[in-house]
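Reproduced below: target21.cif, with mmCIF, C-alpha atoms and all ligand atoms.
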data_entry
loop_
_atom_site.label_atom_id
_atom_site.label_comp_id
_atom_site.auth_asym_id
_atom_site.auth_seq_id
_atom_site.Cartn_x
_atom_site.Cartn_y
_atom_site.Cartn_z
CA MET A 8 -39.74 -4.23 -26.54
CA VAL A 9 -39.91 -2.98 -22.99
CA LYS A 10 -39.67 0.79 -22.62
CA CYS A 11 -38.13 2.92 -19.86
CA SER A 12 -40.79 3.83 -17.29
CA TYR A 13 -39.42 7.40 -17.20
CA CYS A 14 -38.69 8.41 -20.79
CA GLY A 15 -39.93 5.66 -23.11
CA LYS A 16 -36.53 4.81 -24.59
CA PRO A 17 -35.57 1.10 -24.91
CA ALA A 18 -35.09 -0.42 -21.45
CA VAL A 19 -31.82 -2.10 -20.39
CA TYR A 20 -33.03 -3.23 -16.97
CA ILE A 21 -36.29 -4.14 -15.30
CA ASN A 22 -36.58 -4.11 -11.53
CA LYS A 23 -39.05 -6.93 -10.91
CA VAL A 24 -39.83 -5.86 -7.38
CA GLY A 25 -41.39 -2.51 -8.26
CA ASN A 26 -41.84 -3.46 -11.94
CA ILE A 27 -39.90 -0.39 -13.10
CA ALA A 28 -37.99 -0.36 -16.39
CA TYR A 29 -34.89 1.74 -16.96
CA CYS A 30 -33.10 2.95 -20.08
CA ARG A 31 -29.30 3.27 -19.98
CA GLN A 32 -29.27 6.84 -18.69
CA HIS A 33 -32.04 6.34 -16.12
CA PHE A 34 -30.46 3.13 -14.89
CA ILE A 35 -27.12 4.86 -14.25
CA GLU A 36 -28.95 7.69 -12.46
CA TYR A 37 -30.90 5.19 -10.35
CA PHE A 38 -27.75 3.24 -9.47
CA GLU A 39 -25.68 6.26 -8.46
CA HIS A 40 -28.55 7.81 -6.55
CA LYS A 41 -28.98 4.63 -4.53
CA ALA A 42 -25.25 4.35 -3.73
CA ARG A 43 -25.08 8.04 -2.72
CA LYS A 44 -28.13 7.55 -0.52
CA THR A 45 -26.45 4.57 1.20
CA ILE A 46 -23.32 6.67 1.81
CA ARG A 47 -25.39 9.47 3.37
CA LYS A 48 -27.65 7.19 5.37
CA TYR A 49 -24.74 5.45 7.08
CA ASN A 50 -22.32 8.44 7.24
CA MET A 51 -19.76 6.53 5.23
CA ILE A 52 -17.63 9.34 3.80
CA LYS A 53 -17.00 12.95 4.79
CA PRO A 54 -14.88 15.72 3.19
CA GLY A 55 -11.20 15.32 4.04
CA ASP A 56 -11.33 11.51 4.12
CA HIS A 57 -8.68 9.42 2.41
CA VAL A 58 -10.51 6.42 1.01
CA LEU A 59 -8.64 3.26 0.09
CA ILE A 60 -10.68 1.31 -2.46
CA GLY A 61 -10.06 -2.43 -2.47
CA VAL A 62 -10.00 -3.23 -6.17
CA SER A 63 -9.74 -6.63 -7.84
CA GLY A 64 -10.05 -5.39 -11.39
CA GLY A 65 -13.32 -7.31 -11.71
CA LYS A 66 -16.72 -5.81 -12.42
CA ASP A 67 -17.83 -4.96 -8.88
CA SER A 68 -14.72 -3.17 -7.74
CA MET A 69 -14.25 -1.33 -11.05
CA ALA A 70 -17.83 -0.12 -10.67
CA LEU A 71 -17.03 1.11 -7.15
CA LEU A 72 -13.90 2.92 -8.31
CA HIS A 73 -15.81 4.58 -11.15
CA PHE A 74 -18.65 5.62 -8.88
CA LEU A 75 -16.38 7.01 -6.12
CA LEU A 76 -14.36 8.94 -8.67
CA LYS A 77 -17.59 10.63 -9.78
CA LEU A 78 -18.43 11.35 -6.15
CA LYS A 79 -14.97 12.89 -5.65
CA LYS A 80 -15.78 15.49 -8.29
CA LYS A 81 -18.68 16.66 -6.16
CA MET A 82 -17.09 16.30 -2.75
CA GLN A 83 -14.31 18.59 -1.63
CA ARG A 84 -11.00 17.31 -0.31
CA LEU A 85 -11.75 13.66 -0.90
CA GLU A 86 -8.64 11.60 -1.50
CA ILE A 87 -8.85 8.25 -3.28
CA THR A 88 -6.30 5.45 -3.68
CA ALA A 89 -7.13 2.21 -5.47
CA VAL A 90 -5.38 -0.83 -4.05
CA LEU A 91 -5.32 -4.08 -5.96
CA VAL A 92 -4.35 -7.12 -3.96
CA ASP A 93 -2.57 -9.57 -6.25
CA GLU A 94 -3.08 -12.97 -4.63
CA GLY A 95 -0.85 -14.75 -7.09
CA ILE A 96 -3.38 -17.03 -8.80
CA SER A 97 -1.88 -17.94 -12.13
CA GLY A 98 -4.06 -17.34 -15.18
CA TYR A 99 -6.48 -15.18 -13.20
CA ARG A 100 -5.07 -11.85 -12.06
CA GLU A 101 -3.13 -11.37 -15.30
CA LYS A 102 -6.47 -10.58 -16.87
CA THR A 103 -7.87 -8.22 -14.23
CA ILE A 104 -4.76 -6.17 -13.40
CA PRO A 105 -4.75 -4.42 -16.81
CA ASN A 106 -8.40 -3.42 -16.20
CA LEU A 107 -7.34 -1.36 -13.21
CA VAL A 108 -4.07 -0.08 -14.65
CA ASN A 109 -5.65 1.13 -17.91
CA TYR A 110 -8.51 2.79 -16.08
CA ALA A 111 -6.30 4.42 -13.44
CA GLU A 112 -3.93 5.80 -16.02
CA LYS A 113 -6.73 7.11 -18.19
CA TYR A 114 -8.44 8.93 -15.32
CA GLY A 115 -5.37 9.81 -13.24
CA VAL A 116 -6.29 7.68 -10.22
CA LYS A 117 -3.57 6.85 -7.69
CA TYR A 118 -3.15 3.08 -7.43
CA ILE A 119 -1.02 0.50 -5.69
CA ILE A 120 -0.60 -3.19 -6.50
CA ALA A 121 0.10 -5.10 -3.28
CA SER A 122 0.99 -8.74 -3.76
CA PHE A 123 0.61 -11.70 -1.40
CA ARG A 124 4.20 -12.52 -2.32
CA ASP A 125 5.45 -9.23 -0.84
CA TYR A 126 3.08 -8.92 2.11
CA ILE A 127 2.49 -12.56 3.10
CA GLY A 128 5.65 -14.17 1.76
CA ALA A 129 4.02 -16.54 -0.76
CA THR A 130 1.49 -16.56 -3.59
CA LEU A 131 -1.96 -18.08 -3.03
CA ASP A 132 -1.05 -20.88 -5.46
CA ASP A 133 1.98 -21.72 -3.26
CA ILE A 134 -0.10 -21.41 -0.11
CA VAL A 135 -2.74 -23.83 -1.44
CA LYS A 136 -0.01 -26.29 -2.41
CA THR A 137 1.66 -26.17 1.02
CA SER A 138 -1.73 -26.42 2.69
CA PHE A 139 -2.68 -29.60 0.80
CA GLN A 140 0.78 -31.11 1.39
CA ASN A 141 0.60 -30.43 5.13
CA ASN A 142 -3.03 -31.60 5.35
CA LEU A 143 -4.21 -28.31 6.80
CA PRO A 144 -8.00 -28.25 7.03
CA TYR A 145 -8.58 -24.94 5.21
CA MET A 146 -10.04 -24.17 1.81
CA PRO A 147 -8.32 -21.66 -0.51
CA CYS A 148 -11.00 -19.02 0.12
CA SER A 149 -10.32 -19.03 3.89
CA TYR A 150 -6.70 -18.04 3.32
CA CYS A 151 -7.58 -15.59 0.61
CA GLY A 152 -10.21 -13.73 2.65
CA VAL A 153 -8.03 -13.48 5.75
CA PHE A 154 -4.90 -12.47 3.85
CA ARG A 155 -6.69 -9.93 1.64
CA ARG A 156 -8.03 -8.18 4.75
CA TYR A 157 -4.54 -8.31 6.27
CA VAL A 158 -2.94 -6.70 3.21
CA LEU A 159 -5.61 -3.99 2.90
CA ASN A 160 -5.24 -3.06 6.59
CA LYS A 161 -1.48 -2.94 6.26
CA VAL A 162 -1.54 -0.77 3.13
CA ALA A 163 -4.15 1.55 4.69
CA ARG A 164 -1.77 2.18 7.57
CA GLU A 165 1.16 2.70 5.21
CA ILE A 166 -0.63 5.37 3.14
CA ASN A 167 -2.62 6.91 6.03
CA ALA A 168 -6.03 6.07 4.60
CA ASN A 169 -8.80 6.40 7.20
CA VAL A 170 -11.53 4.55 5.27
CA ILE A 171 -11.44 1.25 3.37
CA ALA A 172 -14.21 0.90 0.78
CA THR A 173 -15.06 -2.50 -0.66
CA ALA A 174 -17.44 -3.39 -3.47
CA HIS A 175 -19.55 -5.95 -1.59
CA ASN A 176 -23.08 -5.86 -2.97
CA MET A 177 -26.39 -7.08 -1.59
CA ASP A 178 -25.87 -10.59 -3.00
CA ASP A 179 -22.42 -10.91 -1.36
CA ILE A 180 -23.80 -9.76 1.97
CA VAL A 181 -26.86 -12.00 1.92
CA GLN A 182 -24.72 -15.01 0.90
CA THR A 183 -22.29 -14.37 3.75
CA TYR A 184 -25.23 -13.96 6.12
CA LEU A 185 -26.61 -17.40 5.19
CA MET A 186 -23.14 -19.02 5.26
CA ASN A 187 -22.68 -17.76 8.81
CA LEU A 188 -26.16 -18.91 9.79
CA VAL A 189 -25.19 -22.38 8.61
CA SER A 190 -22.03 -22.34 10.73
CA ASN A 191 -23.81 -20.60 13.63
CA SER A 192 -21.29 -17.74 13.62
CA TRP A 193 -23.30 -14.95 15.17
CA ASP A 194 -20.33 -12.77 16.02
CA ARG A 195 -19.65 -12.63 12.28
CA ILE A 196 -23.27 -12.02 11.36
CA VAL A 197 -23.47 -8.93 13.55
CA SER A 198 -20.37 -7.54 11.86
CA LEU A 199 -21.98 -7.64 8.39
CA GLY A 200 -23.35 -4.10 8.55
CA PRO A 201 -22.78 -1.45 5.86
CA VAL A 202 -20.19 0.31 8.03
CA ARG A 203 -17.69 -1.00 10.51
CA SER A 204 -16.23 1.77 12.52
CA SER A 205 -14.55 1.45 15.80
CA SER A 206 -14.03 3.64 18.79
CA GLU A 207 -10.49 2.33 18.86
CA GLU A 208 -8.48 4.50 16.56
CA TYR A 209 -6.12 1.97 15.03
CA ILE A 210 -8.95 0.20 13.27
CA VAL A 211 -9.62 1.70 9.86
CA LYS A 212 -13.30 2.32 9.16
CA ARG A 213 -14.74 -0.08 6.58
CA ILE A 214 -17.58 0.84 4.26
CA LYS A 215 -19.70 -0.94 1.64
CA PRO A 216 -21.36 1.69 -0.58
CA PHE A 217 -23.09 -0.96 -2.76
CA TYR A 218 -24.75 -2.61 0.25
CA GLU A 219 -28.26 -2.13 -1.12
CA LEU A 220 -27.50 -2.77 -4.79
CA SER A 221 -27.69 -6.24 -6.32
CA GLU A 222 -24.98 -8.16 -8.13
CA LYS A 223 -26.95 -7.86 -11.37
CA GLU A 224 -27.24 -4.10 -10.99
CA THR A 225 -23.55 -3.68 -10.19
CA ALA A 226 -22.54 -5.82 -13.18
CA LEU A 227 -24.82 -3.83 -15.48
CA TYR A 228 -23.39 -0.54 -14.18
CA ALA A 229 -19.87 -1.80 -14.96
CA LEU A 230 -20.96 -3.00 -18.40
CA LEU A 231 -22.76 0.23 -19.35
CA ASN A 232 -19.68 2.23 -18.34
CA ASN A 233 -17.29 -0.02 -20.32
CA LEU A 234 -15.35 -0.94 -17.18
CA ILE A 235 -14.63 -4.61 -17.87
CA GLN A 236 -13.31 -6.88 -20.56
CA PRO A 237 -16.06 -9.11 -21.97
CA ASP A 238 -13.94 -12.23 -21.33
CA PHE A 239 -13.76 -11.61 -17.61
CA ASN A 240 -13.33 -14.96 -15.85
CA GLN A 241 -13.96 -15.99 -12.28
CA CYS A 242 -11.51 -17.16 -9.65
CA PRO A 243 -10.52 -20.82 -10.25
CA TYR A 244 -10.83 -21.61 -6.52
CA VAL A 245 -14.51 -20.64 -6.35
CA LYS A 246 -15.72 -24.27 -6.61
CA TYR A 247 -14.17 -25.07 -3.22
CA ASN A 248 -16.38 -22.55 -1.50
CA ILE A 249 -19.77 -23.17 0.13
CA ARG A 250 -20.69 -19.70 -1.19
CA PHE A 251 -20.97 -21.27 -4.64
CA THR A 252 -23.89 -23.46 -3.51
CA ILE A 253 -25.55 -20.81 -1.38
CA ARG A 254 -25.41 -18.32 -4.23
CA LYS A 255 -27.27 -20.74 -6.49
CA LEU A 256 -29.88 -21.36 -3.81
CA ILE A 257 -30.54 -17.67 -3.18
CA ASN A 258 -30.76 -16.90 -6.89
CA GLU A 259 -33.36 -19.67 -7.30
CA LEU A 260 -35.32 -18.21 -4.42
CA GLU A 261 -35.16 -14.71 -5.90
CA ASP A 262 -36.29 -16.01 -9.30
CA LYS A 263 -39.39 -17.60 -7.83
CA TYR A 264 -40.06 -14.94 -5.23
CA PRO A 265 -38.68 -11.55 -6.32
CA GLY A 266 -37.66 -9.43 -3.36
CA SER A 267 -36.34 -12.36 -1.31
CA LYS A 268 -32.78 -11.02 -1.29
CA TYR A 269 -33.88 -7.66 -0.04
CA GLY A 270 -36.01 -9.40 2.58
CA LEU A 271 -32.96 -11.29 3.82
CA LEU A 272 -30.95 -8.06 3.89
CA ARG A 273 -33.64 -6.37 5.98
CA SER A 274 -33.66 -9.26 8.44
CA LEU A 275 -29.88 -8.96 8.74
CA LEU A 276 -30.12 -5.22 9.39
CA ASN A 277 -32.71 -5.95 12.08
CA ILE A 278 -30.31 -8.31 13.83
CA ILE A 279 -27.51 -5.74 13.60
CA ASN A 280 -29.80 -3.07 15.10
CA MET A 281 -30.57 -5.38 18.00
CA GLN A 282 -26.87 -6.04 18.46
CA ASN A 283 -26.15 -2.28 18.51
CA LYS A 284 -28.84 -1.84 21.15
CA PHE A 285 -28.18 -4.79 23.42
CA LYS A 286 -24.49 -5.56 22.70
CA ILE A 287 -24.95 -9.31 22.93
CA TYR A 288 -21.80 -10.16 21.01
CA GLU A 289 -19.12 -7.80 22.26
CA LYS A 290 -15.85 -8.00 20.39
CA LYS A 291 -12.88 -6.35 22.06
CA TYR A 292 -10.14 -5.41 19.62
CA LYS A 293 -6.47 -5.70 20.40
CA THR A 294 -3.35 -5.21 18.31
CA CYS A 295 -1.73 -8.37 16.97
CA LEU A 296 1.58 -8.77 18.79
CA LEU A 297 3.28 -10.05 15.64
CA CYS A 298 2.11 -7.68 12.89
CA GLY A 299 0.31 -4.75 14.53
CA ASN A 300 -2.96 -5.28 12.65
CA PRO A 301 -6.27 -5.19 14.55
CA SER A 302 -7.22 -8.59 15.96
CA SER A 303 -9.70 -10.10 18.39
CA HIS A 304 -6.92 -12.24 19.92
CA SER A 305 -3.34 -11.37 20.79
CA VAL A 306 -2.21 -12.96 17.52
CA CYS A 307 -4.31 -12.30 14.41
CA LYS A 308 -5.72 -14.98 12.13
CA ALA A 309 -3.38 -14.01 9.27
CA CYS A 310 -0.32 -14.50 11.49
CA LEU A 311 -1.68 -17.84 12.75
CA PHE A 312 -2.09 -18.97 9.14
CA ARG A 313 1.38 -17.73 8.28
CA ALA A 314 2.80 -19.65 11.25
CA LYS A 315 1.17 -22.88 10.06
CA LEU A 316 2.41 -22.33 6.51
CA ASN A 317 6.02 -21.74 7.64
CA LEU A 318 5.91 -18.13 6.46
CA LEU A 319 7.07 -16.26 9.58
CA ASN A 320 10.67 -15.18 10.06
CA THR A 321 12.84 -16.49 12.93
CA GLU A 322 12.24 -13.43 15.07
CA GLN A 323 8.46 -13.85 14.66
CA TYR A 324 8.59 -17.57 15.47
CA ASN A 325 10.55 -16.81 18.65
CA LYS A 326 8.05 -14.14 19.62
CA LEU A 327 5.18 -16.56 18.90
CA ALA A 328 6.77 -19.24 21.12
CA GLU A 329 6.99 -16.66 23.89
CA ILE A 330 3.30 -15.71 23.44
CA THR A 331 2.02 -19.31 23.36
CA SER A 332 3.84 -20.15 26.58
CA SER A 333 1.51 -17.82 28.49
CA ASP A 334 -1.53 -17.47 26.19
CA THR A 335 -3.42 -20.79 26.07
CA GLU A 336 -5.97 -19.41 23.61
CA VAL A 337 -3.27 -18.74 21.00
CA ALA A 338 -1.58 -22.06 21.73
CA ARG A 339 -4.86 -23.89 21.13
CA ALA A 340 -5.56 -21.98 17.90
CA LEU A 341 -2.11 -22.85 16.64
CA LYS A 342 -2.69 -26.56 17.21
CA SER A 343 -6.22 -26.78 15.83
ZN ZN A 401 -35.20 6.56 -19.49
ZN ZN A 402 -0.86 -10.49 12.94
#
Please re-express this file's structure in structure tokens.
Amino acid sequence: MVKCSYCGKPAVYINKVGNIAYCRQHFIEYFEHKARKTIRKYNMIKPGDHVLIGVSGGKDSMALLHFLLKLKKKMQRLEITAVLVDEGISGYREKTIPNLVNYAEKYGVKYIIASFRDYIGATLDDIVKTSFQNNLPYMPCSYCGVFRRYVLNKVAREINANVIATAHNMDDIVQTYLMNLVSNSWDRIVSLGPVRSSSEEYIVKRIKPFYELSEKETALYALLNNLIQPDFNQCPYVKYNIRFTIRKLINELEDKYPGSKYGLLRSLLNIINMQNKFKIYEKKYKTCLLCGNPSSHSVCKACLFRAKLNLLNTEQYNKLAEITSSDTEVARALKS
């Protein structure tokens, strides 16, 4: 039996990189210390902030909610609202929504359930159906990612939250980094930092407190704190995503060469530092003329998707026609 490197009790986790073993208590201390350090290092949260936590009810986001609630006890005037985006994937969310609701009611956390049906006009299941029927060239995860961001931004504005916290961990980040390398999307790569703040005030600051913690560590933290149901299942659309393959690849690499993930993360941070210094990929933000959310074009990606899926109202379609008559960029995006 492996023993905790600090106290000699039975170990629940071994960090292969430094070869350090942790018992339950020392693992939780290590995990929370690392997340707090990340928050301090990147100035993520300050007293008086209202933090919207994007929660799915799954292990990662429940871990984030639990951790930030603990932080709130130490930090004055920190307001927290958990927001669960219900995409409308049958057989999936029914299992994770109770995770959030039970937890929030037990600990007195404010929470909101915002559905695709209310905010987008259709469930993801319906969207995927329409998309296949109309031969649109997008995978379910493209819609989901764009629409989830759209809903979170919208809710943040509605409740006056000035920070959006998401539970992305090191594995998520490194996977997205490689996916964007494959598609040569450097403007996206440079936006994968631990914090996205903007000088323009209508963009809500986005933070990732688990940036330097692995998927394994986050899952263990959730498990040790009894935050998830043991039968937790994964999204049924995951097999359509290139992430699925890249995740397997990176895990194989990490198995053979421990520390590879962290190495990739460091290389990403290096690129982001260079971007901050030399501003090679400058993204100018505007306000979407249809919905008011931040966007790099005059119509945001979510509204373009909604237009193609017949989900805008008449007034919005008229407005869009007016925009496309003078904005060739939007007209092209609508056709592609
Ligand atoms: Zn110990
Ligand atoms: Zn929009």
>> Just checking: using only C-alpha atoms, which residue out of A:Gly200, A:Gly15, A:Gly65, A:Gly115 ends up closest to Asn283 in chain A?
In response: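 The shortest atom-to-atom distance to Asn283 in chain A comes from A:Gly200.
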Within 7 Å of ligand ZN 402 (chain A), which residues of chain A come that close, and what is the closest atom pair and distance in Å for each? Count all atoms listed in the file and give it as JSON lines.
{"residue": "A:Cys295", "atom": "CA", "partner": "A:ZN402", "partner_atom": "ZN", "distance": 4.6}
{"residue": "A:Leu296", "atom": "CA", "partner": "A:ZN402", "partner_atom": "ZN", "distance": 6.6}
{"residue": "A:Leu297", "atom": "CA", "partner": "A:ZN402", "partner_atom": "ZN", "distance": 5.0}
{"residue": "A:Cys298", "atom": "CA", "partner": "A:ZN402", "partner_atom": "ZN", "distance": 4.1}
{"residue": "A:Gly299", "atom": "CA", "partner": "A:ZN402", "partner_atom": "ZN", "distance": 6.1}
{"residue": "A:Asn300", "atom": "CA", "partner": "A:ZN402", "partner_atom": "ZN", "distance": 5.6}
{"residue": "A:Val306", "atom": "CA", "partner": "A:ZN402", "partner_atom": "ZN", "distance": 5.4}
{"residue": "A:Cys307", "atom": "CA", "partner": "A:ZN402", "partner_atom": "ZN", "distance": 4.2}
{"residue": "A:Lys308", "atom": "CA", "partner": "A:ZN402", "partner_atom": "ZN", "distance": 6.7}
{"residue": "A:Ala309", "atom": "CA", "partner": "A:ZN402", "partner_atom": "ZN", "distance": 5.7}
{"residue": "A:Cys310", "atom": "CA", "partner": "A:ZN402", "partner_atom": "ZN", "distance": 4.3}
>> With all atoms listed in the file as the counted atoms, please give the residues lying no more than 10 Å from Leu227 in chain A, apart from itself and same-chain residues fewer than 2 positions off, as a ChimeraX atom specification.
In response: /A:19-20,31,34-35,38,66-67,70,221-225,229-233
> Which neighbours of Ile196 in chain A fall inside 9 Å, counting all atoms listed in the file, when residues of the same chain fewer than 2 positions from it are skipped, and could you give them as a ChimeraX atom specification?
Replying inline: /A:183-185,187-188,191-194,198-200,275,278-279
> Near range 245-262 of chain A, counting only C-alpha atoms, which residues have an atom at most 9 Å away, once you skip same-chain residues fewer than 6 positions from it, shown as a PyMOL selection string?
Replying inline: chain A and resi 146-149+178-179+181-183+185-186+268
>> Around ligand ZN 401 (chain A), out to 7 Å and counting all atoms listed in the file, which residues are there? I want them as a list in words.
In response: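 After applying the 7 Å limit, what remains is Cys11, Ser12, Tyr13, Cys14, Gly15, Lys16, Tyr29, Cys30, Arg31, Gln32 and His33 of chain A.
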> Could you state the separation of CA of Leu159 in chain A and CA of Arg100 in chain A in Å, given to one decimal place?
Replying inline: 16.9 Å
>> What's around Asn50 in chain A at 12 Å? Count all atoms listed in the file, leave out sequence neighbours fewer than 3 positions away in its own chain, and write the answer as a list in words.
In response: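 Counting all atoms listed in the file, the residues come to Arg43, Lys44, Thr45, Ile46, Arg47, Lys53, Pro54, Asp56, Val170, Pro201, Val202, Arg203, Ser204, Lys212, Arg213, Ile214, Lys215 and Pro216 of chain A.
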> Between A:Ile180, A:Ala174, A:Ile87, A:Val158, which one has atoms that come closest to Val62 in chain A, using all atoms listed in the file?
Replying inline: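 So, comparing all the options, the nearest one is A:Ala174.
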> Any idea what the distance is between CA of His304 in chain A and CA of Leu327 in chain A?
Replying inline: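 So the two atoms, CA of His304 in chain A and CA of Leu327 in chain A, lie 12.9 Å apart.
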> Near Leu85 in chain A, within 9 Å and counting all atoms listed in the file, which residues show up once chain neighbours fewer than 5 positions away are dropped, as a ChimeraX atom specification?
Replying inline: /A:52-58,78-80
Would you fill the gaps in range 268-289 of chain A so it has N, CA and C atoms, then print it as a short mmCIF file (atom, residue, chain, number, x, y, z; two decimals), in the coordinates of the input?
data_model
loop_
_atom_site.label_atom_id
_atom_site.label_comp_id
_atom_site.auth_asym_id
_atom_site.auth_seq_id
_atom_site.Cartn_x
_atom_site.Cartn_y
_atom_site.Cartn_z
N LYS A 268 -34.11 -11.47 -1.72
CA LYS A 268 -32.78 -11.02 -1.29
C LYS A 268 -32.90 -9.80 -0.39
N TYR A 269 -33.72 -8.87 -0.83
CA TYR A 269 -33.88 -7.66 -0.04
C TYR A 269 -34.52 -7.98 1.31
N GLY A 270 -35.41 -8.96 1.32
CA GLY A 270 -36.01 -9.40 2.58
C GLY A 270 -34.95 -9.94 3.54
N LEU A 271 -34.05 -10.75 2.99
CA LEU A 271 -32.96 -11.29 3.82
C LEU A 271 -32.07 -10.16 4.34
N LEU A 272 -31.80 -9.18 3.47
CA LEU A 272 -30.95 -8.06 3.89
C LEU A 272 -31.61 -7.29 5.04
N ARG A 273 -32.92 -7.10 4.91
CA ARG A 273 -33.64 -6.37 5.98
C ARG A 273 -33.59 -7.15 7.29
N SER A 274 -33.71 -8.47 7.20
CA SER A 274 -33.66 -9.26 8.44
C SER A 274 -32.28 -9.17 9.07
N LEU A 275 -31.24 -9.12 8.22
CA LEU A 275 -29.88 -8.96 8.74
C LEU A 275 -29.72 -7.61 9.44
N LEU A 276 -30.24 -6.56 8.80
CA LEU A 276 -30.12 -5.22 9.39
C LEU A 276 -30.86 -5.15 10.74
N ASN A 277 -31.96 -5.89 10.82
CA ASN A 277 -32.71 -5.95 12.08
C ASN A 277 -31.87 -6.55 13.19
N ILE A 278 -31.17 -7.65 12.85
CA ILE A 278 -30.31 -8.31 13.83
C ILE A 278 -29.19 -7.37 14.27
N ILE A 279 -28.61 -6.65 13.28
CA ILE A 279 -27.51 -5.74 13.60
C ILE A 279 -28.01 -4.60 14.50
N ASN A 280 -29.23 -4.11 14.23
CA ASN A 280 -29.80 -3.07 15.10
C ASN A 280 -29.95 -3.57 16.52
N MET A 281 -30.41 -4.81 16.65
CA MET A 281 -30.57 -5.38 18.00
C MET A 281 -29.23 -5.50 18.69
N GLN A 282 -28.22 -5.93 17.91
CA GLN A 282 -26.87 -6.04 18.46
C GLN A 282 -26.39 -4.67 18.96
N ASN A 283 -26.60 -3.61 18.12
CA ASN A 283 -26.15 -2.28 18.51
C ASN A 283 -26.84 -1.81 19.79
N LYS A 284 -28.08 -2.26 19.98
CA LYS A 284 -28.84 -1.84 21.15
C LYS A 284 -28.45 -2.64 22.39
N PHE A 285 -28.35 -3.95 22.24
CA PHE A 285 -28.18 -4.79 23.42
C PHE A 285 -26.76 -5.33 23.61
N LYS A 286 -25.90 -5.14 22.60
CA LYS A 286 -24.49 -5.56 22.70
C LYS A 286 -24.35 -7.00 23.21
N ILE A 287 -25.00 -7.91 22.51
CA ILE A 287 -24.95 -9.31 22.93
C ILE A 287 -23.59 -9.92 22.61
N TYR A 288 -23.10 -9.61 21.41
CA TYR A 288 -21.80 -10.16 21.01
C TYR A 288 -20.77 -9.03 21.04
N GLU A 289 -20.09 -8.89 22.14
CA GLU A 289 -19.12 -7.80 22.26
C GLU A 289 -17.75 -8.29 21.85
#
